[in-house]
Amino acid sequence: MQSIRPISDLRNKFAEISRDVHESGEPVFLTKNGVGDMVVMSMETYEALEFDSCVYAKLQEAEREAETTGTRYSSDEVLASIRSVIARAAEQTRVTSHV
């Protein structure tokens, strides 16, 4: 269920709002003069939302490309490419964590 609170709660009940967004994983909608003004969410929820948005954008891009080109890839080719990207990202993370 959506949590809708007045924006003054952000100042007066910050700890409670922080606890709520972390425990529930759901955003809190803040109103100003009875009108929606902003949304507060945990970093974990934001990062998940950002990831989902990125994946969705990539899928849309792939669909557009599929409509304009005859190039097709097998599942083995796609998985090999994904594994390669993951391996490079893991290597980059390992290198930067030792710096």
# chains A, B, ... in the order shown; residues from 1 in each chain; ligands from 1

call {"tool": "select_by_dssp", "arguments": {"residues": "chain A", "states": "strand (DSSP E or B)", "output": "ChimeraX atom specification"}}
result
/A:3-6,28-32,35-40

call {"tool": "residues_around", "arguments": {"residues": "segment 25-41 of chain A", "least_positions_apart": "5", "cutoff": "12 Å", "atoms": "only C-alpha atoms", "output": "list in words"}}
result
Met1, Gln2, Ser3, Ile4, Arg5, Pro6, Ile7, Ser8, Asp9, Leu10, Arg11, Phe14, Glu16, Ile17, Ser18, Arg19, Asp20, Tyr46, Glu47, Ala48 and Leu49 of chain A

call {"tool": "atom_distance", "arguments": {"atom1": "atom CA of Asn12 of chain A", "atom2": "atom CA of Ser42 of chain A"}}
result
18.3 Å

call {"tool": "atom_distance", "arguments": {"atom1": "atom CA of Gly70 of chain A", "atom2": "atom CA of Lys58 of chain A"}}
result
18.3 Å

call {"tool": "decode", "arguments": {"residues": "segment 84-97 of chain A", "atoms": "N, CA, C and O atoms", "output": "PDB file, in the first residue's frame"}}
result
ATOM      1  N   SER A  84      31.282 -12.644 -21.330  1.00  0.00           N
ATOM      2  CA  SER A  84      32.453 -11.819 -21.586  1.00  0.00           C
ATOM      3  C   SER A  84      32.328 -10.460 -20.908  1.00  0.00           C
ATOM      4  O   SER A  84      33.272  -9.969 -20.281  1.00  0.00           O
ATOM      5  N   VAL A  85      31.157  -9.857 -21.009  1.00  0.00           N
ATOM      6  CA  VAL A  85      30.917  -8.550 -20.374  1.00  0.00           C
ATOM      7  C   VAL A  85      31.029  -8.682 -18.857  1.00  0.00           C
ATOM      8  O   VAL A  85      31.655  -7.848 -18.192  1.00  0.00           O
ATOM      9  N   ILE A  86      30.449  -9.728 -18.302  1.00  0.00           N
ATOM     10  CA  ILE A  86      30.508  -9.942 -16.855  1.00  0.00           C
ATOM     11  C   ILE A  86      31.942 -10.157 -16.400  1.00  0.00           C
ATOM     12  O   ILE A  86      32.376  -9.600 -15.386  1.00  0.00           O
ATOM     13  N   ALA A  87      32.701 -10.931 -17.153  1.00  0.00           N
ATOM     14  CA  ALA A  87      34.101 -11.186 -16.799  1.00  0.00           C
ATOM     15  C   ALA A  87      34.914  -9.899 -16.837  1.00  0.00           C
ATOM     16  O   ALA A  87      35.735  -9.641 -15.947  1.00  0.00           O
ATOM     17  N   ARG A  88      34.689  -9.067 -17.856  1.00  0.00           N
ATOM     18  CA  ARG A  88      35.404  -7.785 -17.932  1.00  0.00           C
ATOM     19  C   ARG A  88      35.035  -6.881 -16.762  1.00  0.00           C
ATOM     20  O   ARG A  88      35.894  -6.218 -16.179  1.00  0.00           O
ATOM     21  N   ALA A  89      33.755  -6.842 -16.413  1.00  0.00           N
ATOM     22  CA  ALA A  89      33.307  -6.011 -15.289  1.00  0.00           C
ATOM     23  C   ALA A  89      33.909  -6.514 -13.988  1.00  0.00           C
ATOM     24  O   ALA A  89      34.344  -5.717 -13.145  1.00  0.00           O
ATOM     25  N   ALA A  90      33.960  -7.829 -13.805  1.00  0.00           N
ATOM     26  CA  ALA A  90      34.550  -8.403 -12.596  1.00  0.00           C
ATOM     27  C   ALA A  90      36.039  -8.086 -12.529  1.00  0.00           C
ATOM     28  O   ALA A  90      36.565  -7.752 -11.460  1.00  0.00           O
ATOM     29  N   GLU A  91      36.713  -8.168 -13.645  1.00  0.00           N
ATOM     30  CA  GLU A  91      38.149  -7.844 -13.686  1.00  0.00           C
ATOM     31  C   GLU A  91      38.371  -6.371 -13.374  1.00  0.00           C
ATOM     32  O   GLU A  91      39.266  -6.021 -12.611  1.00  0.00           O
ATOM     33  N   GLN A  92      37.529  -5.511 -13.936  1.00  0.00           N
ATOM     34  CA  GLN A  92      37.639  -4.068 -13.672  1.00  0.00           C
ATOM     35  C   GLN A  92      37.426  -3.784 -12.191  1.00  0.00           C
ATOM     36  O   GLN A  92      38.139  -2.999 -11.588  1.00  0.00           O
ATOM     37  N   THR A  93      36.451  -4.442 -11.587  1.00  0.00           N
ATOM     38  CA  THR A  93      36.165  -4.275 -10.170  1.00  0.00           C
ATOM     39  C   THR A  93      37.346  -4.748  -9.332  1.00  0.00           C
ATOM     40  O   THR A  93      37.750  -4.088  -8.374  1.00  0.00           O
ATOM     41  N   ARG A  94      37.917  -5.879  -9.710  1.00  0.00           N
ATOM     42  CA  ARG A  94      39.064  -6.422  -8.986  1.00  0.00           C
ATOM     43  C   ARG A  94      40.260  -5.482  -9.080  1.00  0.00           C
ATOM     44  O   ARG A  94      40.918  -5.202  -8.089  1.00  0.00           O
ATOM     45  N   VAL A  95      40.497  -4.923 -10.266  1.00  0.00           N
ATOM     46  CA  VAL A  95      41.621  -4.007 -10.462  1.00  0.00           C
ATOM     47  C   VAL A  95      41.438  -2.728  -9.663  1.00  0.00           C
ATOM     48  O   VAL A  95      42.342  -2.259  -8.988  1.00  0.00           O
ATOM     49  N   THR A  96      40.233  -2.142  -9.706  1.00  0.00           N
ATOM     50  CA  THR A  96      40.004  -0.872  -8.999  1.00  0.00           C
ATOM     51  C   THR A  96      39.941  -1.047  -7.503  1.00  0.00           C
ATOM     52  O   THR A  96      40.231  -0.120  -6.748  1.00  0.00           O
ATOM     53  N   SER A  97      39.590  -2.258  -7.025  1.00  0.00           N
ATOM     54  CA  SER A  97      39.536  -2.469  -5.584  1.00  0.00           C
ATOM     55  C   SER A  97      40.925  -2.621  -4.988  1.00  0.00           C
ATOM     56  O   SER A  97      41.108  -2.454  -3.785  1.00  0.00           O
TER      57      SER A  97
END
